[in-house]
>>> print(open('work-v3.cif').read())   # mmCIF, C-alpha atoms and all ligand atoms
data_model
#
loop_
_atom_site.group_PDB
_atom_site.id
_atom_site.type_symbol
_atom_site.label_atom_id
_atom_site.label_comp_id
_atom_site.auth_asym_id
_atom_site.auth_seq_id
_atom_site.Cartn_x
_atom_site.Cartn_y
_atom_site.Cartn_z
ATOM 1 C CA MET A 1 99.138 81.761 127.842
ATOM 2 C CA LEU A 2 101.527 84.598 128.756
ATOM 3 C CA THR A 3 103.683 83.610 131.749
ATOM 4 C CA SER A 4 106.290 85.575 133.710
ATOM 5 C CA ARG A 5 109.835 84.364 134.509
ATOM 6 C CA ALA A 6 108.607 83.137 137.905
ATOM 7 C CA GLY A 7 106.022 81.026 136.131
ATOM 8 C CA MET A 8 102.974 83.157 137.109
ATOM 9 C CA CYS A 9 100.474 83.841 134.382
ATOM 10 C CA LEU A 10 99.814 87.463 133.422
ATOM 11 C CA SER A 11 96.362 87.519 134.965
ATOM 12 C CA ASP A 12 97.850 86.447 138.355
ATOM 13 C CA LEU A 13 100.307 89.364 138.142
ATOM 14 C CA ILE A 14 97.582 91.862 137.296
ATOM 15 C CA ARG A 15 95.331 90.541 140.081
ATOM 16 C CA GLY A 16 98.233 90.715 142.580
ATOM 17 C CA ALA A 17 99.112 94.277 141.572
ATOM 18 C CA PHE A 18 95.464 95.339 141.775
ATOM 19 C CA PHE A 19 94.933 93.848 145.241
ATOM 20 C CA SER A 20 98.158 95.318 146.580
ATOM 21 C CA LEU A 21 96.897 98.744 145.503
ATOM 22 C CA CYS A 22 93.459 98.207 147.056
ATOM 23 C CA PRO A 23 93.891 97.486 150.755
ATOM 24 C CA ILE A 24 90.142 97.678 151.409
ATOM 25 C CA ILE A 25 89.363 95.001 148.871
ATOM 26 C CA ALA A 26 92.473 92.909 149.475
ATOM 27 C CA GLY A 27 92.362 93.203 153.242
ATOM 28 C CA ARG A 28 96.040 94.220 153.587
ATOM 29 C CA ARG A 29 97.693 92.274 156.384
ATOM 30 C CA GLY A 30 96.369 93.617 159.678
ATOM 31 C CA ALA A 31 93.648 95.723 158.057
ATOM 32 C CA LYS A 32 90.087 94.860 159.110
ATOM 33 C CA VAL A 33 87.911 93.749 156.198
ATOM 34 C CA GLN A 34 84.229 94.653 156.520
ATOM 35 C CA LYS A 35 82.250 91.484 156.024
ATOM 36 C CA ARG A 36 78.754 91.837 154.566
ATOM 37 C CA LYS A 37 76.025 90.382 156.831
ATOM 38 C CA THR A 38 74.021 87.527 155.344
ATOM 39 C CA ILE A 39 70.815 85.721 156.223
ATOM 40 C CA LEU A 40 73.017 83.145 157.988
ATOM 41 C CA ASP A 41 74.168 85.825 160.460
ATOM 42 C CA LEU A 42 70.546 86.716 161.180
ATOM 43 C CA GLN A 43 69.581 83.083 161.778
ATOM 44 C CA ARG A 44 72.582 82.670 164.091
ATOM 45 C CA MET A 45 71.627 85.831 165.983
ATOM 46 C CA LYS A 46 68.139 84.471 166.640
ATOM 47 C CA ALA A 47 69.555 81.125 167.761
ATOM 48 C CA GLU A 48 72.000 82.836 170.138
ATOM 49 C CA GLY A 49 69.502 85.385 171.446
ATOM 50 C CA GLU A 50 71.511 88.311 170.033
ATOM 51 C CA LYS A 51 69.197 91.218 169.200
ATOM 52 C CA ILE A 52 69.015 92.292 165.532
ATOM 53 C CA THR A 53 69.138 96.040 164.816
ATOM 54 C CA VAL A 54 67.358 97.465 161.777
ATOM 55 C CA LEU A 55 66.715 101.033 160.595
ATOM 56 C CA THR A 56 65.213 102.431 157.429
ATOM 57 C CA ALA A 57 67.387 104.326 154.942
ATOM 58 C CA TYR A 58 66.469 105.980 151.683
ATOM 59 C CA ASP A 59 69.650 107.641 150.479
ATOM 60 C CA TYR A 60 73.441 107.369 150.314
ATOM 61 C CA PRO A 61 74.547 109.618 153.223
ATOM 62 C CA PHE A 62 72.158 108.192 155.812
ATOM 63 C CA ALA A 63 72.876 104.620 154.698
ATOM 64 C CA ARG A 64 76.619 105.228 154.914
ATOM 65 C CA LEU A 65 76.410 106.705 158.428
ATOM 66 C CA MET A 66 74.236 103.962 159.856
ATOM 67 C CA ASP A 67 76.395 101.315 158.208
ATOM 68 C CA GLN A 68 79.473 102.862 159.820
ATOM 69 C CA ALA A 69 77.642 102.878 163.168
ATOM 70 C CA GLY A 70 77.264 99.097 162.822
ATOM 71 C CA ILE A 71 73.566 98.549 162.027
ATOM 72 C CA ASP A 72 72.791 94.893 161.151
ATOM 73 C CA MET A 73 70.150 95.481 158.475
ATOM 74 C CA VAL A 74 69.037 98.496 156.469
ATOM 75 C CA LEU A 75 65.461 98.579 155.205
ATOM 76 C CA VAL A 76 64.676 100.704 152.177
ATOM 77 C CA GLY A 77 61.078 101.085 153.287
ATOM 78 C CA ASP A 78 58.195 102.378 151.253
ATOM 79 C CA SER A 79 57.828 104.748 154.228
ATOM 80 C CA VAL A 80 60.057 106.847 151.951
ATOM 81 C CA GLY A 81 56.768 108.084 150.490
ATOM 82 C CA VAL A 82 55.757 109.603 153.819
ATOM 83 C CA VAL A 83 59.022 110.777 155.414
ATOM 84 C CA VAL A 84 60.875 111.850 152.246
ATOM 85 C CA ALA A 85 58.237 112.563 149.590
ATOM 86 C CA GLY A 86 55.643 114.001 151.994
ATOM 87 C CA TYR A 87 52.660 111.828 150.972
ATOM 88 C CA ASP A 88 49.978 111.006 153.564
ATOM 89 C CA ASN A 89 50.598 107.274 153.242
ATOM 90 C CA THR A 90 52.753 104.728 151.374
ATOM 91 C CA LEU A 91 50.284 103.933 148.578
ATOM 92 C CA PRO A 92 51.654 106.354 145.925
ATOM 93 C CA VAL A 93 55.197 104.908 146.032
ATOM 94 C CA THR A 94 56.180 103.235 142.745
ATOM 95 C CA MET A 95 58.607 100.480 141.768
ATOM 96 C CA ASP A 96 60.860 102.947 139.939
ATOM 97 C CA GLU A 97 61.098 105.080 143.075
ATOM 98 C CA MET A 98 61.967 102.051 145.192
ATOM 99 C CA VAL A 99 64.669 101.001 142.724
ATOM 100 C CA TYR A 100 66.134 104.525 142.765
ATOM 101 C CA HIS A 101 66.280 104.725 146.579
ATOM 102 C CA THR A 102 67.571 101.156 146.963
ATOM 103 C CA ARG A 103 70.395 101.878 144.536
ATOM 104 C CA ALA A 104 71.389 105.004 146.480
ATOM 105 C CA VAL A 105 71.359 103.069 149.765
ATOM 106 C CA ALA A 106 73.345 100.163 148.305
ATOM 107 C CA ARG A 107 76.139 102.569 147.327
ATOM 108 C CA GLY A 108 76.456 103.696 150.947
ATOM 109 C CA VAL A 109 76.421 100.298 152.633
ATOM 110 C CA GLN A 110 79.364 97.938 153.023
ATOM 111 C CA GLN A 111 78.509 95.622 155.910
ATOM 112 C CA ALA A 112 74.767 95.747 156.575
ATOM 113 C CA PHE A 113 72.186 93.480 154.963
ATOM 114 C CA ILE A 114 69.886 95.456 152.638
ATOM 115 C CA ILE A 115 66.159 94.755 152.393
ATOM 116 C CA ALA A 116 63.967 96.669 149.948
ATOM 117 C CA ASP A 117 60.193 97.016 150.178
ATOM 118 C CA LEU A 118 57.950 95.898 147.356
ATOM 119 C CA PRO A 119 55.556 98.869 147.104
ATOM 120 C CA PHE A 120 51.773 98.790 146.773
ATOM 121 C CA LEU A 121 50.569 97.248 143.489
ATOM 122 C CA SER A 122 53.954 95.693 142.700
ATOM 123 C CA TYR A 123 53.106 92.198 144.017
ATOM 124 C CA GLN A 124 49.344 92.019 144.698
ATOM 125 C CA VAL A 125 48.045 91.795 141.110
ATOM 126 C CA ASP A 126 49.808 88.660 139.930
ATOM 127 C CA VAL A 127 52.667 86.430 140.897
ATOM 128 C CA VAL A 128 54.646 86.869 137.673
ATOM 129 C CA GLU A 129 54.694 90.622 138.189
ATOM 130 C CA ALA A 130 55.684 90.091 141.825
ATOM 131 C CA ARG A 131 58.643 87.920 140.774
ATOM 132 C CA ARG A 132 59.815 90.429 138.189
ATOM 133 C CA ASN A 133 59.554 93.341 140.619
ATOM 134 C CA ALA A 134 61.383 91.431 143.358
ATOM 135 C CA GLY A 135 64.087 90.679 140.795
ATOM 136 C CA ARG A 136 64.340 94.373 139.860
ATOM 137 C CA LEU A 137 65.007 95.377 143.469
ATOM 138 C CA MET A 138 67.861 92.851 143.535
ATOM 139 C CA GLN A 139 69.293 93.442 140.046
ATOM 140 C CA GLU A 140 68.767 97.191 139.576
ATOM 141 C CA GLY A 141 68.624 98.205 143.242
ATOM 142 C CA GLY A 142 71.320 95.997 144.738
ATOM 143 C CA ALA A 143 69.131 94.674 147.591
ATOM 144 C CA GLN A 144 69.876 91.347 149.258
ATOM 145 C CA ALA A 145 66.220 90.670 150.116
ATOM 146 C CA VAL A 146 62.742 92.038 149.548
ATOM 147 C CA LYS A 147 59.896 92.642 151.987
ATOM 148 C CA LEU A 148 56.185 92.460 151.313
ATOM 149 C CA GLU A 149 53.114 92.943 153.474
ATOM 150 C CA GLY A 150 50.547 90.289 154.348
ATOM 151 C CA GLY A 151 50.173 86.824 155.831
ATOM 152 C CA CYS A 152 48.186 83.832 154.553
ATOM 153 C CA ASN A 153 46.947 85.996 151.629
ATOM 154 C CA VAL A 154 50.466 86.451 150.203
ATOM 155 C CA ALA A 155 51.929 83.004 151.029
ATOM 156 C CA THR A 156 51.798 81.868 147.380
ATOM 157 C CA THR A 157 53.569 85.033 146.268
ATOM 158 C CA ILE A 158 56.271 84.656 148.920
ATOM 159 C CA ARG A 159 56.857 81.049 147.798
ATOM 160 C CA ALA A 160 57.089 82.102 144.149
ATOM 161 C CA ILE A 161 59.724 84.760 144.942
ATOM 162 C CA VAL A 162 61.687 82.484 147.280
ATOM 163 C CA ASP A 163 61.725 79.871 144.497
ATOM 164 C CA MET A 164 63.732 82.390 142.437
ATOM 165 C CA ASP A 165 66.351 82.340 145.240
ATOM 166 C CA ILE A 166 65.335 85.802 146.376
ATOM 167 C CA PRO A 167 65.215 86.031 150.176
ATOM 168 C CA VAL A 168 61.897 87.395 151.437
ATOM 169 C CA VAL A 169 60.924 89.168 154.661
ATOM 170 C CA GLY A 170 57.232 89.028 155.642
ATOM 171 C CA HIS A 171 55.368 91.890 157.317
ATOM 172 C CA ILE A 172 52.239 91.315 159.418
ATOM 173 C CA GLY A 173 50.068 93.230 161.892
ATOM 174 C CA LEU A 174 49.697 96.914 161.119
ATOM 175 C CA THR A 175 50.506 96.810 157.423
ATOM 176 C CA PRO A 176 50.591 100.413 156.129
ATOM 177 C CA GLN A 177 49.618 99.454 152.563
ATOM 178 C CA SER A 178 46.265 98.260 154.033
ATOM 179 C CA ILE A 179 45.550 101.598 155.727
ATOM 180 C CA HIS A 180 42.101 101.933 154.152
ATOM 181 C CA ARG A 181 41.031 98.389 155.084
ATOM 182 C CA MET A 182 42.212 98.937 158.669
ATOM 183 C CA GLY A 183 40.497 102.341 158.874
ATOM 184 C CA GLY A 184 43.767 104.072 159.822
ATOM 185 C CA TYR A 185 47.009 103.146 161.530
ATOM 186 C CA ARG A 186 45.597 101.054 164.368
ATOM 187 C CA VAL A 187 47.108 98.411 166.638
ATOM 188 C CA GLN A 188 46.166 94.970 165.281
ATOM 189 C CA GLY A 189 45.542 91.690 167.123
ATOM 190 C CA LYS A 190 43.915 93.049 170.284
ATOM 191 C CA GLN A 191 40.924 90.710 169.972
ATOM 192 C CA ALA A 192 41.462 86.953 170.419
ATOM 193 C CA GLU A 193 40.226 86.155 166.900
ATOM 194 C CA GLN A 194 42.546 88.716 165.296
ATOM 195 C CA ALA A 195 45.438 87.428 167.409
ATOM 196 C CA GLN A 196 44.783 83.862 166.191
ATOM 197 C CA GLN A 197 44.762 85.130 162.605
ATOM 198 C CA LEU A 198 48.122 86.860 163.115
ATOM 199 C CA LEU A 199 49.628 83.679 164.553
ATOM 200 C CA ALA A 200 48.334 81.784 161.508
ATOM 201 C CA ASP A 201 49.770 84.532 159.251
ATOM 202 C CA ALA A 202 53.181 84.218 160.898
ATOM 203 C CA HIS A 203 53.196 80.450 160.365
ATOM 204 C CA ALA A 204 52.040 80.859 156.743
ATOM 205 C CA VAL A 205 54.825 83.362 156.009
ATOM 206 C CA GLU A 206 57.444 81.059 157.548
ATOM 207 C CA GLU A 207 56.114 77.981 155.731
ATOM 208 C CA ALA A 208 56.146 79.913 152.441
ATOM 209 C CA GLY A 209 59.901 80.306 152.885
ATOM 210 C CA ALA A 210 60.392 83.839 154.283
ATOM 211 C CA PHE A 211 63.611 84.112 156.281
ATOM 212 C CA ALA A 212 62.416 86.865 158.658
ATOM 213 C CA LEU A 213 59.199 88.519 159.745
ATOM 214 C CA VAL A 214 58.438 92.148 160.550
ATOM 215 C CA MET A 215 55.617 92.528 163.086
ATOM 216 C CA GLU A 216 54.204 96.020 163.317
ATOM 217 C CA GLY A 217 51.737 97.540 165.791
ATOM 218 C CA ILE A 218 50.656 94.463 167.732
ATOM 219 C CA PRO A 219 50.441 93.830 171.493
ATOM 220 C CA ALA A 220 53.781 92.926 173.073
ATOM 221 C CA THR A 221 52.440 89.663 174.530
ATOM 222 C CA LEU A 222 51.219 88.491 171.107
ATOM 223 C CA ALA A 223 54.571 89.421 169.524
ATOM 224 C CA ALA A 224 56.363 87.396 172.218
ATOM 225 C CA GLU A 225 54.075 84.421 171.537
ATOM 226 C CA ILE A 226 54.699 84.578 167.788
ATOM 227 C CA THR A 227 58.465 85.003 168.292
ATOM 228 C CA ALA A 228 58.527 81.834 170.390
ATOM 229 C CA ALA A 229 56.324 79.967 167.905
ATOM 230 C CA VAL A 230 58.283 80.597 164.693
ATOM 231 C CA GLY A 231 61.803 79.555 163.760
ATOM 232 C CA ILE A 232 62.617 82.696 161.754
ATOM 233 C CA PRO A 233 63.792 85.970 163.322
ATOM 234 C CA THR A 234 61.011 88.424 164.160
ATOM 235 C CA ILE A 235 61.693 92.139 163.848
ATOM 236 C CA GLY A 236 59.313 94.327 165.834
ATOM 237 C CA ILE A 237 58.111 97.878 165.352
ATOM 238 C CA GLY A 238 55.609 98.794 168.034
ATOM 239 C CA ALA A 239 55.580 95.128 169.041
ATOM 240 C CA GLY A 240 57.394 95.134 172.396
ATOM 241 C CA VAL A 241 60.787 94.032 173.567
ATOM 242 C CA ASP A 242 60.529 90.273 173.068
ATOM 243 C CA CYS A 243 60.976 90.269 169.292
ATOM 244 C CA ASP A 244 64.324 89.010 167.971
ATOM 245 C CA GLY A 245 65.127 92.491 166.682
ATOM 246 C CA GLN A 246 63.752 96.010 166.320
ATOM 247 C CA VAL A 247 63.212 98.299 163.349
ATOM 248 C CA LEU A 248 62.367 102.009 163.330
ATOM 249 C CA VAL A 249 62.137 104.734 160.720
ATOM 250 C CA ILE A 250 65.363 106.779 160.765
ATOM 251 C CA HIS A 251 63.547 110.123 160.382
ATOM 252 C CA ASP A 252 61.491 109.298 163.498
ATOM 253 C CA ILE A 253 64.411 108.416 165.769
ATOM 254 C CA LEU A 254 66.474 111.421 164.679
ATOM 255 C CA GLY A 255 63.601 113.870 165.233
ATOM 256 C CA LEU A 256 63.113 114.853 161.605
ATOM 257 C CA CYS A 257 59.374 114.195 161.589
ATOM 258 C CA GLU A 258 57.815 116.801 163.823
ATOM 259 C CA LYS A 259 54.218 116.500 162.631
ATOM 260 C CA PHE A 260 53.502 113.150 164.286
ATOM 261 C CA SER A 261 55.450 110.638 166.299
ATOM 262 C CA PRO A 262 53.908 107.252 167.134
ATOM 263 C CA LYS A 263 54.012 106.013 170.768
ATOM 264 C CA PHE A 264 56.508 103.265 169.883
ATOM 265 C CA VAL A 265 59.143 105.719 168.613
ATOM 266 C CA LYS A 266 62.008 106.878 170.808
ATOM 267 C CA ARG A 267 63.833 110.030 169.713
ATOM 268 C CA TYR A 268 67.608 109.801 169.916
ATOM 269 C CA ALA A 269 68.376 113.211 168.393
ATOM 270 C CA ASP A 270 66.747 116.491 167.377
ATOM 271 C CA LEU A 271 67.937 116.910 163.800
ATOM 272 C CA ALA A 272 65.007 119.189 162.936
ATOM 273 C CA GLY A 273 66.262 121.686 165.501
ATOM 274 C CA THR A 274 69.876 121.272 164.394
ATOM 275 C CA ILE A 275 69.012 121.754 160.714
ATOM 276 C CA ARG A 276 66.781 124.750 161.329
ATOM 277 C CA GLY A 277 69.457 126.280 163.573
ATOM 278 C CA GLY A 278 72.149 125.789 160.924
ATOM 279 C CA VAL A 279 69.987 127.293 158.195
ATOM 280 C CA GLU A 280 69.051 130.274 160.401
ATOM 281 C CA ASP A 281 72.760 130.904 161.144
ATOM 282 C CA TYR A 282 73.546 130.805 157.413
ATOM 283 C CA ILE A 283 70.719 133.213 156.534
ATOM 284 C CA ARG A 284 71.822 135.648 159.264
ATOM 285 C CA GLU A 285 75.498 135.547 158.237
ATOM 286 C CA VAL A 286 74.728 136.067 154.531
ATOM 287 C CA ARG A 287 72.423 138.955 155.323
ATOM 288 C CA ASN A 288 74.897 140.734 157.607
ATOM 289 C CA GLY A 289 77.896 140.083 155.319
ATOM 290 C CA GLU A 290 79.682 137.740 157.753
ATOM 291 C CA PHE A 291 79.694 134.924 155.171
ATOM 292 C CA PRO A 292 81.686 134.366 153.038
ATOM 293 C CA GLY A 293 84.767 135.380 155.041
ATOM 294 C CA PRO A 294 88.285 135.731 153.605
ATOM 295 C CA GLU A 295 88.926 132.029 154.354
ATOM 296 C CA HIS A 296 86.064 131.080 152.008
ATOM 297 C CA SER A 297 87.177 133.412 149.207
ATOM 298 C CA PHE A 298 89.824 132.997 146.487
ATOM 299 C CA LYS A 299 92.705 135.467 146.229
HETATM 300 O O1 LIG A 301 58.283 101.058 155.078
HETATM 301 C C1 LIG A 301 58.821 100.904 156.181
HETATM 302 O O2 LIG A 301 59.603 101.735 156.647
HETATM 303 C C2 LIG A 301 58.498 99.706 156.936
HETATM 304 C C3 LIG A 301 58.921 99.668 158.364
HETATM 305 C C4 LIG A 301 58.205 100.667 159.141
HETATM 306 C C5 LIG A 301 58.839 98.316 158.941
HETATM 307 O O3 LIG A 301 57.920 98.820 156.417
#
>>> encode(input="work-v3.cif", output="C-alpha cells", more="lines below")
Ligand code: KIV
Amino acid sequence: MLTSRAGMCLSDLIRGAFFSLCPIIAGRRGAKVQKRKTILDLQRMKAEGEKITVLTAYDYPFARLMDQAGIDMVLVGDSVGVVVAGYDNTLPVTMDEMVYHTRAVARGVQQAFIIADLPFLSYQVDVVEARRNAGRLMQEGGAQAVKLEGGCNVATTIRAIVDMDIPVVGHIGLTPQSIHRMGGYRVQGKQAEQAQQLLADAHAVEEAGAFALVMEGIPATLAAEITAAVGIPTIGIGAGVDCDGQVLVIHDILGLCEKFSPKFVKRYADLAGTIRGGVEDYIREVRNGEFPGPEHSFK
C-alpha cells in the first residue's frame, strides 16, 4: 500500500483533498449539510403530530424549487399524464414515462423524500412484473419509495414489493386508475358500507407493510377515523384536515390548470397568467423591434 510520510495511505489523501474541495458534500465546518428525509422522519412526524407536506413534481426545475422551499416529500405522480401530457386521465401513462420523469425529479431534489407512482398496468397483471417495475423506479428513476393504488385487492402485491426492501405507499379512496369502475372522479366512502370497506383497505395496506397511505376524495370524518386507526402516516388529498399530511398536484396549486380545479384545491399562485403575460410581452417586443436591445447583442 502507498503511504505518505505522515503515515496516511494514498486513498485517505485523495479522499481528504476531494472533500476539502467539495464543501457541499463534506459539510465544511459551519456549512449546513442538507440531510435527505427518510421513512424514519415520516414516522417520527406522525408520532409527534407534525404535519407532513407533499407535492407532485414531474421535472427538474419544479422539483428543485419545491425542494429548496423545504417540502418533506415529492411525489412523481402518474397525474403527469393529465397535467403535463394533456391526457384525459392517468391510464395512458407508461413505466418508461414514469422512469423518465422520476429521474428528472431525482436530479433536482437534495433533501425531500421521493415517491414514484407505479402506473396503470405496471403492477395489476402479476406480482413478478410489479416487483420488477417497482425496482425500476428505484434503480433507474432514483425514487426512495413507490406508490400504488388499491386496498385489500393489492395487499399481496404490496407485501411482495416490501419484501424486496422497497418502501411502499398505499393509495385508497378515489383512485384515478379506477376511473371507469367508479364512473368518474367521485368522492368515495359516503355510504356506511363503502366506508367500512375503506377502513378495511387501510388496515390491509398497513398489514401488508406499506409505510404510508394516501387517502384521496373521501369524507373528512372517515379520513380522521382511518388516521386514528392506523399506525402509518396518512396523506390526504380531498380528505380533510385531520390526515397526518397533505398532498396536492403542483400544477393545481400554482394555477397552471385552468380547465378544471377540484373543490379540494387551493390556488397559491396564478402561473398561467404570469406565463401568458410574459409570452405576450416577448411577442410584442419582438414585433416592435424592442427586443433584442443592445445589452442582448454582441459587439
Ligand atoms: O398521481 C398523483 O398525482 C397522485 C396524487 C394526486 C395523490 O396520485
>>> closest_residue(input="work-v3.cif", among="A:Asp59, A:Asp270, A:Asp117, A:Glu295", to="Pro176 (chain A)", atoms="all atoms listed in the file")
A:Asp117
>>> closest_residue(input="work-v3.cif", among="A:Val241, A:Ala63, A:Ile235, A:Ala208", to="Ala220 (chain A)", atoms="all atoms listed in the file")
A:Val241
>>> closest_residue(input="work-v3.cif", among="A:Ala269, A:Leu65, A:Val76, A:Ala104", to="ligand LIG 301 (chain A)", atoms="all atoms listed in the file")
A:Val76
>>> closest_atom_pairs(input="work-v3.cif", of="chain A", to="ligand LIG 301 (chain A)", cutoff="6 Å", atoms="only C-alpha atoms and all ligand atoms", output="CSV")
residue,atom,partner,partner_atom,distance
A:Thr56,CA,A:LIG301,O2,5.7
A:Gly77,CA,A:LIG301,O1,3.3
A:Asp78,CA,A:LIG301,O1,4.0
A:Ser79,CA,A:LIG301,O1,3.8
A:Val249,CA,A:LIG301,O2,5.7
>>> closest_residue(input="work-v3.cif", among="A:Gly151, A:Gly183, A:Gly255, A:Gly189", to="Glu206 (chain A)", atoms="only C-alpha atoms")
A:Gly151
>>> resolve_selection(input="work-v3.cif", expression="the PyMOL selection byres (((chain A and resi 72) around 6) and not hetatm)", output="number ranges by chain")
A: 53, 71, 73, 112
>>> atom_distance(input="work-v3.cif", atom1="CA of Ala239 (chain A)", atom2="CA of Ile52 (chain A)")
14.2 Å
>>> atom_distance(input="work-v3.cif", atom1="CA of Gly170 (chain A)", atom2="CA of Gly81 (chain A)")
19.7 Å
>>> decode(input="work-v3.cif", residues="region 44-68 of chain A", atoms="N, CA and C atoms", output="mmCIF file, in the first residue's frame")
data_model
loop_
_atom_site.group_PDB
_atom_site.id
_atom_site.type_symbol
_atom_site.label_atom_id
_atom_site.label_comp_id
_atom_site.auth_asym_id
_atom_site.auth_seq_id
_atom_site.Cartn_x
_atom_site.Cartn_y
_atom_site.Cartn_z
ATOM 1 N N ARG A 44 -41.646 9.556 12.612
ATOM 2 C CA ARG A 44 -41.486 10.455 13.772
ATOM 3 C C ARG A 44 -42.497 11.603 13.684
ATOM 4 N N MET A 45 -42.676 12.135 12.472
ATOM 5 C CA MET A 45 -43.597 13.264 12.311
ATOM 6 C C MET A 45 -45.012 12.865 12.707
ATOM 7 N N LYS A 46 -45.419 11.653 12.303
ATOM 8 C CA LYS A 46 -46.760 11.197 12.717
ATOM 9 C C LYS A 46 -46.825 11.100 14.243
ATOM 10 N N ALA A 47 -45.802 10.478 14.827
ATOM 11 C CA ALA A 47 -45.810 10.273 16.281
ATOM 12 C C ALA A 47 -45.866 11.611 17.021
ATOM 13 N N GLU A 48 -45.207 12.631 16.473
ATOM 14 C CA GLU A 48 -45.146 13.924 17.163
ATOM 15 C C GLU A 48 -46.234 14.902 16.699
ATOM 16 N N GLY A 49 -47.099 14.433 15.811
ATOM 17 C CA GLY A 49 -48.199 15.289 15.357
ATOM 18 C C GLY A 49 -47.740 16.431 14.459
ATOM 19 N N GLU A 50 -46.563 16.251 13.823
ATOM 20 C CA GLU A 50 -46.052 17.287 12.908
ATOM 21 C C GLU A 50 -46.588 16.976 11.508
ATOM 22 N N LYS A 51 -47.237 17.943 10.886
ATOM 23 C CA LYS A 51 -47.870 17.691 9.587
ATOM 24 C C LYS A 51 -46.824 17.434 8.488
ATOM 25 N N ILE A 52 -47.132 16.494 7.609
ATOM 26 C CA ILE A 52 -46.221 16.129 6.508
ATOM 27 C C ILE A 52 -46.685 16.837 5.233
ATOM 28 N N THR A 53 -45.756 17.513 4.557
ATOM 29 C CA THR A 53 -46.118 18.249 3.335
ATOM 30 C C THR A 53 -45.625 17.483 2.102
ATOM 31 N N VAL A 54 -46.523 17.326 1.144
ATOM 32 C CA VAL A 54 -46.186 16.585 -0.080
ATOM 33 C C VAL A 54 -46.751 17.342 -1.289
ATOM 34 N N LEU A 55 -45.984 17.411 -2.354
ATOM 35 C CA LEU A 55 -46.471 17.965 -3.623
ATOM 36 C C LEU A 55 -46.005 17.060 -4.746
ATOM 37 N N THR A 56 -46.705 17.097 -5.860
ATOM 38 C CA THR A 56 -46.236 16.330 -7.015
ATOM 39 C C THR A 56 -45.170 17.145 -7.752
ATOM 40 N N ALA A 57 -44.268 16.429 -8.406
ATOM 41 C CA ALA A 57 -43.286 17.073 -9.307
ATOM 42 C C ALA A 57 -43.030 16.099 -10.436
ATOM 43 N N TYR A 58 -42.727 16.668 -11.603
ATOM 44 C CA TYR A 58 -42.532 15.813 -12.778
ATOM 45 C C TYR A 58 -41.244 16.137 -13.523
ATOM 46 N N ASP A 59 -40.580 17.221 -13.101
ATOM 47 C CA ASP A 59 -39.373 17.617 -13.827
ATOM 48 C C ASP A 59 -38.362 18.278 -12.882
ATOM 49 N N TYR A 60 -37.174 18.520 -13.428
ATOM 50 C CA TYR A 60 -36.047 19.028 -12.638
ATOM 51 C C TYR A 60 -36.298 20.411 -12.027
ATOM 52 N N PRO A 61 -36.742 21.423 -12.821
ATOM 53 C CA PRO A 61 -36.849 22.759 -12.214
ATOM 54 C C PRO A 61 -37.898 22.851 -11.109
ATOM 55 N N PHE A 62 -39.054 22.249 -11.314
ATOM 56 C CA PHE A 62 -40.080 22.294 -10.268
ATOM 57 C C PHE A 62 -39.601 21.537 -9.023
ATOM 58 N N ALA A 63 -39.000 20.377 -9.235
ATOM 59 C CA ALA A 63 -38.534 19.571 -8.098
ATOM 60 C C ALA A 63 -37.506 20.356 -7.296
ATOM 61 N N ARG A 64 -36.599 21.030 -8.006
ATOM 62 C CA ARG A 64 -35.535 21.774 -7.343
ATOM 63 C C ARG A 64 -36.130 22.908 -6.498
ATOM 64 N N LEU A 65 -37.093 23.633 -7.069
ATOM 65 C CA LEU A 65 -37.690 24.767 -6.356
ATOM 66 C C LEU A 65 -38.462 24.304 -5.122
ATOM 67 N N MET A 66 -39.233 23.242 -5.263
ATOM 68 C CA MET A 66 -40.003 22.827 -4.082
ATOM 69 C C MET A 66 -39.106 22.190 -3.027
ATOM 70 N N ASP A 67 -38.024 21.582 -3.458
ATOM 71 C CA ASP A 67 -37.050 21.041 -2.508
ATOM 72 C C ASP A 67 -36.399 22.193 -1.727
ATOM 73 N N GLN A 68 -36.035 23.247 -2.447
ATOM 74 C CA GLN A 68 -35.435 24.409 -1.788
ATOM 75 C C GLN A 68 -36.426 25.064 -0.819
#
